[in-house]
Structures are given as structure tokens and as C-alpha cells.
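A quick write-up on the structure given underneath.
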Amino acid sequence: MCVVGAGPAGALVANRLASAGHDVTILEAGPRFEERDTERMEQALRPGLSDLGVWGMGGPRDAFSTTGRFYPLNSTRVKGVGGSTNHWQGMVYRLHEADFAGENNGPAWPISYDDLRPYYLAAERAIGVAGDSENPYAPPREEPHPMGAFPPSYSDSLFAEGCQQVGVTTHSVGNARNSEAYDDRAACVGYGTCKPVCPSGARYDATHTIAAAEERGVEVIANAPVQRLDTDASGEQVTRAVYVREGSERELTADRFVLAAGGIEIPRLLLLSADDSHPDGLANGSGAVGRYFHEHVFAGTGGRIDEPTRQNHVGFITSESHQFYDEPGAGTETIPDSDEPLAPFKLEFLNYGGPSGTGQAIVRRALSSDSWGDDLLAELREGYGNQLAMGGLVGQPPRAENRIRLDEGTTDDHGNPVPEIQWTLDETTKRTIRRATEIQRHIFEAVGARIEWQTTPETTGPAAHHMGTTRMSSDPESGVVRPDCRTHEVSNLWVASSSVFPNGGALNPTLTIAALALLCADSVAESL
């Protein structure tokens with residue numbers, strides 16, 4: 001069988017199927033990254049080099065266009081073995097029961113939280129999740145996380161005091177990084193460069209699962225972008241994936257195909273695969289391919305306090321509050337209720353508010369600062385050490401007008417139309433951003449911090465979570481895939497991705513992607 005994409009979904013699907021004795025080939029559009037992680041970390045610290053440069057994104061291969069609000073696509077993904085887990089934050093959560101029921105952002109999923117519970121558990125074990133089960137707002141669990149949670153950071157303790165004053169509950173979060181040695185990987189040693197690079201290997205990325213899959217016989221063909229999927233005369237089955245390798249067009253035939261290339265490239269590939277049987281795109285009889293694109297958007301507040309905060313001593317989040325997730329309008333004795341329609345959101349206490357000392361020094365020297373020695377040290381001390389920041393994810397309701405289309409006027413390096421992202425924010429999302437930052441303002445005031453910036457609906461950005469573009473449904477007229485991730489119209493084609501989410505709530509999607517990948521693999525195996 002053929003899997004398209006070597007990110008976490010494709011890796012988990014391939015490894016599970018190979019474990020059951022099946023032959024699997026993965027086609028990956030990007031390269032294997034050969035540089036050592038320490039070298040890539042050095043690149044990331046250099047001023048002026050963004051994630052795009054560190055991970056080789058950009059140029060004709062990765063061209064795209066946007067309509068409406070600008071969407072920074074190439075900053076939100078990585079093409080290559082391991083996919084976007086090469087640069088992700090590593091935050092992992094189960095969606096809430098209310099998300100599946102459609103009570104938060106709607107619509108409802110055709111499966112329930114209980115249907116996915118065994119796959120969530122298996123995904124946590126496969127990835128390696130450190131967490132604590134004390135979160136009072138999380139859905140029910142079967143057993144503790146595979147590893148214990150990371151302790152709250154020093155700045156978390158400052159926030160905790162303010163949260164207590166205003167009636168906000170804080171708790172630990174799930175991390176896809178080792179708090180102890182796990183799965184032949186060492187415990188986190190605190191480099192603090194988690195995004196875009198984890199030099200120690202403590203943070204999970206899909207290359208670990210790819211290595212396990214290859215030991216079981218899976219073949220991975222890198223630098224092999226798939227151009228289209230061809231079907232048989234009936235249009236009911238895919239017969240081959242056509243890809244380019246070393247400048248030549250090649251093909252891979254298989255009896256089963258799984259698309260795991262992310263929420264942008266999957267609908268693009270389906271649209272590029274239009275034929276006589278599928279004139280509007282493969283598996284697109286419902287017209288839903290590419291539609292209902294939705295994101296999580298950022299809501300944040302930053303400032304300073306008159307005491308040390310140890311900013312950037314931890315490169316990831318160790319405490320959050322999900323108190324307002326299922327009841328976004330609920331208040332406390334200090335924070336007024338809101339009766340406006342709101343989306344779910346969560347609050348994050350950031351351990352990387354403001355620059356790191358090293359990063360600040362590098363930038364100042366790169367900008368040709370005239371200061372040296374004690375003068376430079378004084379500048380660094382003035383700009384570092386007392387900054388605090390909060391973040392938050394706001395769920396965006398899926399809307400048909402937010403979509404991925406083909407831009408026929410712009411082509412990639414193989415002459416194919418690039419993806420066009422049509423994306424705007426609705427009023428519910430905008431109201432929720434203002435609600436989240438209002439709560440953050442209360443917390444900052446309780447801490448005694450001076451607010452220097454806050455996100456607004458105009459300045460917000462996406463969280464790099466591409467969801468909804470091949471949505472799951474029981475009804476073939478309203479979605480693209482069935483509850484088992486098989487497409488409604490093509491009997492040997494499955495999709496393993498956040499693209500199948502009917503709604504994404506307001507929690508980081510990777511654990512749900514991993515759970516669905518395992519469910520998808522079981523569905524493929526059952527069809528054999």
C-alpha cells in the first residue's frame with residue numbers, strides 16, 4: 001500500500017500496518033534532513049533566519065497564494081521526513097467531549113470521544129506524552145500519562161499567584177517530550193530552543209516512528225512529490241500515485257492509498273486528480289474538498305514586572321488554564337461574565353516571553369550596536385530578565401467560504417497550480433480574542449505587571465493548525481471521508497490528517513491526528 005506524506009500521521013499509519021505484516025511505501029515530497037540538530041540550532045539562532053530558512057521552505061516548490069486575510073503558509077509547515085513535527089511546540093491534548101458533540105464550535109463529529117478513547121491512549125504511548133491527570137477540565141482518562149508532567153516553571157509560579165487572586169485555575173499540560181528516558185530517547189535537558197529545533201531528541205518528532213517503520217520493512221522515498229492520483233475506468237478505486245523523482249515522472253501502484261500530507265496539500269492533491277469520473281476533484285462529489293478550512297488563532301498579552309522572571313529558561317509551556325474552554329462566557333468573582341456568543345479558548349502561560357539573553361546579544365551585534373563590554377552587558381540586562389507573556393488558542397468555527405482552491409494563475413516547480421488559501425475571521429472568533437485578552441489583562445494586573453502589548457483581531461495570527469478541508473461525515477453529501485477515514489466515493493482511499501476534523505475545538509490537534517491515524521490504519525487493515 002502507498003502512504004503519501006512522512007509526517008506524524010503517515011509515520012503512524014505505516015508503522016501500524018507494517019507491524020501487522022503489510023507492505024508499505026511512503027512517498028514524501030521533501031527531503032531527509034541530514035544536518036545534525038546542533039548545526040540546525042546554530043542556524044536558528046542566527047539573526048534574520050526564520051523557520052523557512054532553517055527547514056528549507058520557500059521558492060517555487062512551496063509557492064502559494066492567499067485571498068482575504070494573509071495566511072503565512074510556509075511558516076506553518078515543514079516538507080520533509082518528519083513533517084511539521086520537526087519544528088512543532090510539542091503540546092498534546094485530547095479534544096473535549098463537547099467538541100465531538102458539536103457543543104463548542106460545531107458541527108458534531110460522526111464519532112464520539114468514547115469512540116476515540118482507545119486510540120488516544122495508544123497515541124500517547126506511541127508519541128510519549130508527559131502529563132498529569134489533575135486537569136479538572138480535561139475529558140476522562142483510562143490511566144495516567146506515560147510519563148509524569150514537567151513541573152511548573154518559575155514564571156508559572158508568578159502567574160499562579162495572580163490567577164488565584166482573580167479566580168482562574170491553573171494546571172499542567174501534556175507535552176510530547178520526555179520528562180524521563182522513554183522509547184530509547186533521553187529526558188529533556190533544557191536547551192530552550194524547542195521551536196524550531198530540539199537538539200537532544202527529547203521532544204517527539206515523526207522521524208522516530210519512521211525509523212521504527214523502516215526496521216519493519218517500510219520503504220520511504222523522499223523528494224518524491226505526488227502530482228496526481230489516477231483511478232480505474234469506474235472511478236471507484238485509485239490505481240496509482242504519479243510522482244516526480246530526480247526530474248522524472250514515475251508511478252507507484254498499490255491496492256490501498258492513504259493521504260497524510262496535511263490539511264493544505266491533501267485537498268490540493270485531490271483537486272489536481274480530477275478526471276472524467278471526478279470532474280470536480282477526486283472524492284469531491286459533495287463539493288467539500290478544500291472547504292471548511294479553519295484554524296486556531298492566537299490571543300496574547302505581554303509586559304514586564306519589577307522582579308526577575310527567568311524568561312526563556314524553559315523553551316516550552318508547562319502550565320495552562322482550560323477553565324473557559326467549554327464555558328467561554330463564564331466569569332469569576334473578579335472577571336465579569338459575558339453573554340455574547342463565543343468560541344472555545346484556552347490560556348497559556350508562556351515561558352518564553354521576551355528574547356533570550358543569547359538571542360538578544362546576537363541580534364544587537366548583528367545590528368552593529370556601538371556598545372561593547374560593560375555597556376553591552378548593561379543593555380542586555382535592561383532588555384532581559386523581567387518580561388512575562390501569556391498566550392492562548394481561540395477556536396475558529398468552520399465556514400464553507402474559508403477554503404483551499406487551486407490558483408490556476410500560479411504554478412509550482414512542476415507546472416501544477418499552487419494552493420490558494422481563502423481565509424477570513426468571523427465575528428465570533430474576533431469576540432473570543434477580545435474575551436481571552438480581557439481575562440489575561442485581569443491576570444497581569446493581579447500579578448502587578450505592566451502590559452506592553454496585547455493581540456487584537458487585527459494583529460492575530462494562525463497557530464499552524466490546518467483543519468477541516470476533507471471533513472468527516474456520515475452523510476456523503478456533507479463531507480469527504482467516513483467515520484473510519486475512508487473516502488465516501490473511492491473505496492481504496494483513506495485520509496489521515498487534521499483535514500478530516502469537522503471542528504477542531506481550541507486545543508492543539510496533533511494528538512487527535514495521531515489517534516485518527518491509528519484508527520485509519522485499523523480501517524485499512526480490516527479492508528484487506
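Following the order of the C-alpha cells, chains are lettered A, B, ..., residues in each are numbered from 1, and ligands are numbered from 1.
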>> If we count only C-alpha atoms and set the cut-off at 12 Å, which residues sit around Glu489 in chain A, ignoring sequence neighbours fewer than 4 positions away in its own chain? Please answer as a PyMOL selection string.
In response: chain A and resi 231+234-238+277-278+281-287+475-477+479-482+485+493-494
Can you pull out the residues contacting range 65-67 of chain A? Cut-off 6 Å, using only C-alpha atoms, and skip same-chain residues under 2 positions away; I want them as a PDB file with N, CA and C atoms, in the first residue's frame.
```pdb
ATOM      1  N   PHE A  70      -4.131  37.532   4.937  1.00  0.00           N
ATOM      2  CA  PHE A  70      -2.917  36.831   4.537  1.00  0.00           C
ATOM      3  C   PHE A  70      -2.672  35.636   5.445  1.00  0.00           C
ATOM      4  N   GLU A 420      -4.377  27.992  -3.234  1.00  0.00           N
ATOM      5  CA  GLU A 420      -4.831  29.336  -2.869  1.00  0.00           C
ATOM      6  C   GLU A 420      -5.629  29.215  -1.576  1.00  0.00           C
ATOM      7  N   ILE A 421      -5.231  29.958  -0.569  1.00  0.00           N
ATOM      8  CA  ILE A 421      -5.882  29.899   0.747  1.00  0.00           C
ATOM      9  C   ILE A 421      -6.820  31.086   0.890  1.00  0.00           C
ATOM     10  N   GLN A 422      -8.103  30.812   0.952  1.00  0.00           N
ATOM     11  CA  GLN A 422      -9.100  31.847   1.194  1.00  0.00           C
ATOM     12  C   GLN A 422      -9.465  31.788   2.672  1.00  0.00           C
TER      13      GLN A 422
END
```
>> I'd like to know which residues of range 256-495 of chain A are alpha helix (DSSP H) (by DSSP, run on the backbone); could you write them as number ranges by chain?
In response: A: 262-272, 357-366, 373-383, 427-447
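Excluding Thr207 in chain A itself and any same-chain residue fewer than 3 positions from it, the protein and nucleic acid residues within 10 Å of it, counting only C-alpha atoms, are Ala6, Gly7, Pro8, Ala11, Arg32, Phe33, Gly80, Val81, Gly82, Gly83, Thr85, Asn86, Tyr204, Ile210, Ala211, Ala212 and Ala213 of chain A.
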Please produce an output containing all heavy atoms for each residue in the selection, written as a short mmCIF file (atom, residue, chain, number, x, y, z; two decimals), in the first residue's frame.
```cif
data_model
loop_
_atom_site.label_atom_id
_atom_site.label_comp_id
_atom_site.auth_asym_id
_atom_site.auth_seq_id
_atom_site.Cartn_x
_atom_site.Cartn_y
_atom_site.Cartn_z
N ALA A 6 5.23 11.79 5.05
CA ALA A 6 6.01 11.14 6.11
C ALA A 6 6.03 11.97 7.38
O ALA A 6 7.02 11.99 8.10
CB ALA A 6 7.43 10.87 5.63
N GLY A 7 4.94 12.68 7.66
CA GLY A 7 4.78 13.36 8.93
C GLY A 7 4.24 12.40 9.97
O GLY A 7 4.26 11.17 9.79
N PRO A 8 3.72 12.91 11.08
CA PRO A 8 3.28 12.01 12.16
C PRO A 8 2.15 11.08 11.74
O PRO A 8 2.16 9.90 12.11
CB PRO A 8 2.85 12.98 13.26
CG PRO A 8 2.59 14.28 12.58
CD PRO A 8 3.56 14.33 11.45
N ALA A 11 3.59 8.43 9.29
CA ALA A 11 4.51 7.55 10.01
C ALA A 11 3.76 6.55 10.86
O ALA A 11 4.08 5.35 10.89
CB ALA A 11 5.46 8.38 10.87
N ARG A 32 15.04 14.11 3.37
CA ARG A 32 15.51 13.75 4.71
C ARG A 32 16.48 14.86 5.14
O ARG A 32 17.32 15.29 4.36
CB ARG A 32 16.25 12.42 4.71
CG ARG A 32 15.37 11.20 4.48
CD ARG A 32 16.19 9.95 4.58
NE ARG A 32 15.44 8.76 4.27
CZ ARG A 32 14.81 8.00 5.18
NH1 ARG A 32 14.87 8.33 6.45
NH2 ARG A 32 14.15 6.93 4.82
N PHE A 33 16.36 15.30 6.37
CA PHE A 33 17.22 16.38 6.84
C PHE A 33 18.50 15.76 7.40
O PHE A 33 18.48 15.09 8.43
CB PHE A 33 16.49 17.21 7.89
CG PHE A 33 15.28 17.91 7.34
CD1 PHE A 33 14.00 17.48 7.66
CD2 PHE A 33 15.43 18.98 6.48
CE1 PHE A 33 12.88 18.12 7.14
CE2 PHE A 33 14.32 19.63 5.94
CZ PHE A 33 13.05 19.20 6.28
N GLY A 80 9.25 17.43 4.45
CA GLY A 80 10.40 16.56 4.65
C GLY A 80 10.03 15.43 5.58
O GLY A 80 8.95 15.42 6.19
N VAL A 81 10.89 14.45 5.70
CA VAL A 81 10.63 13.30 6.57
C VAL A 81 10.51 13.81 8.01
O VAL A 81 11.39 14.49 8.52
CB VAL A 81 11.75 12.26 6.44
CG1 VAL A 81 11.54 11.13 7.43
CG2 VAL A 81 11.81 11.72 5.01
N GLY A 82 9.41 13.47 8.65
CA GLY A 82 9.10 14.01 9.97
C GLY A 82 8.06 15.09 9.93
O GLY A 82 7.42 15.40 10.93
N GLY A 83 7.88 15.71 8.75
CA GLY A 83 6.86 16.73 8.59
C GLY A 83 7.02 17.88 9.56
O GLY A 83 8.12 18.22 10.00
N THR A 85 6.37 18.05 12.59
CA THR A 85 6.87 17.76 13.95
C THR A 85 8.35 18.05 14.07
O THR A 85 8.90 18.01 15.18
CB THR A 85 6.60 16.29 14.35
OG1 THR A 85 7.18 15.41 13.38
CG2 THR A 85 5.11 16.02 14.50
N ASN A 86 9.02 18.36 12.95
CA ASN A 86 10.40 18.81 13.05
C ASN A 86 10.51 20.14 13.77
O ASN A 86 11.55 20.44 14.36
CB ASN A 86 11.01 18.93 11.65
CG ASN A 86 11.38 17.58 11.05
OD1 ASN A 86 12.25 16.89 11.55
ND2 ASN A 86 10.70 17.21 9.98
N TYR A 204 9.32 14.59 20.86
CA TYR A 204 8.96 13.64 19.81
C TYR A 204 8.92 14.34 18.46
O TYR A 204 8.43 15.46 18.33
CB TYR A 204 7.59 13.03 20.08
CG TYR A 204 7.08 12.20 18.91
CD1 TYR A 204 7.48 10.88 18.75
CD2 TYR A 204 6.23 12.76 17.95
CE1 TYR A 204 7.03 10.14 17.66
CE2 TYR A 204 5.78 12.02 16.87
CZ TYR A 204 6.19 10.70 16.73
OH TYR A 204 5.75 9.97 15.65
N ILE A 210 9.22 6.88 11.93
CA ILE A 210 9.69 6.47 10.60
C ILE A 210 10.81 5.44 10.74
O ILE A 210 10.84 4.42 10.03
CB ILE A 210 10.16 7.69 9.79
CG1 ILE A 210 8.98 8.54 9.35
CG2 ILE A 210 10.99 7.26 8.59
CD1 ILE A 210 8.09 7.93 8.31
N ALA A 211 11.75 5.68 11.66
CA ALA A 211 12.85 4.73 11.85
C ALA A 211 12.33 3.37 12.27
O ALA A 211 12.79 2.32 11.79
CB ALA A 211 13.83 5.28 12.88
N ALA A 212 11.35 3.35 13.18
CA ALA A 212 10.76 2.08 13.61
C ALA A 212 10.05 1.39 12.45
O ALA A 212 10.13 0.16 12.29
CB ALA A 212 9.79 2.33 14.76
N ALA A 213 9.35 2.19 11.63
CA ALA A 213 8.65 1.61 10.48
C ALA A 213 9.63 1.02 9.47
O ALA A 213 9.39 -0.06 8.91
CB ALA A 213 7.79 2.68 9.81
#
```
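Summary of the local environment: counting only C-alpha atoms, residues at most 6 Å from range 182-192 of chain A, other than itself and those fewer than 6 positions away along its chain, are Ala202, Val314 and Gly315 of chain A.
Taking CA of Ala436 in chain A as the reference point, CA of His294 in chain A is found at 18.7 Å.
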> What is the distance, in Å and to one decimal place, between CA of Glu103 in chain A and CA of Thr170 in chain A?
Replying inline: 23.5 Å
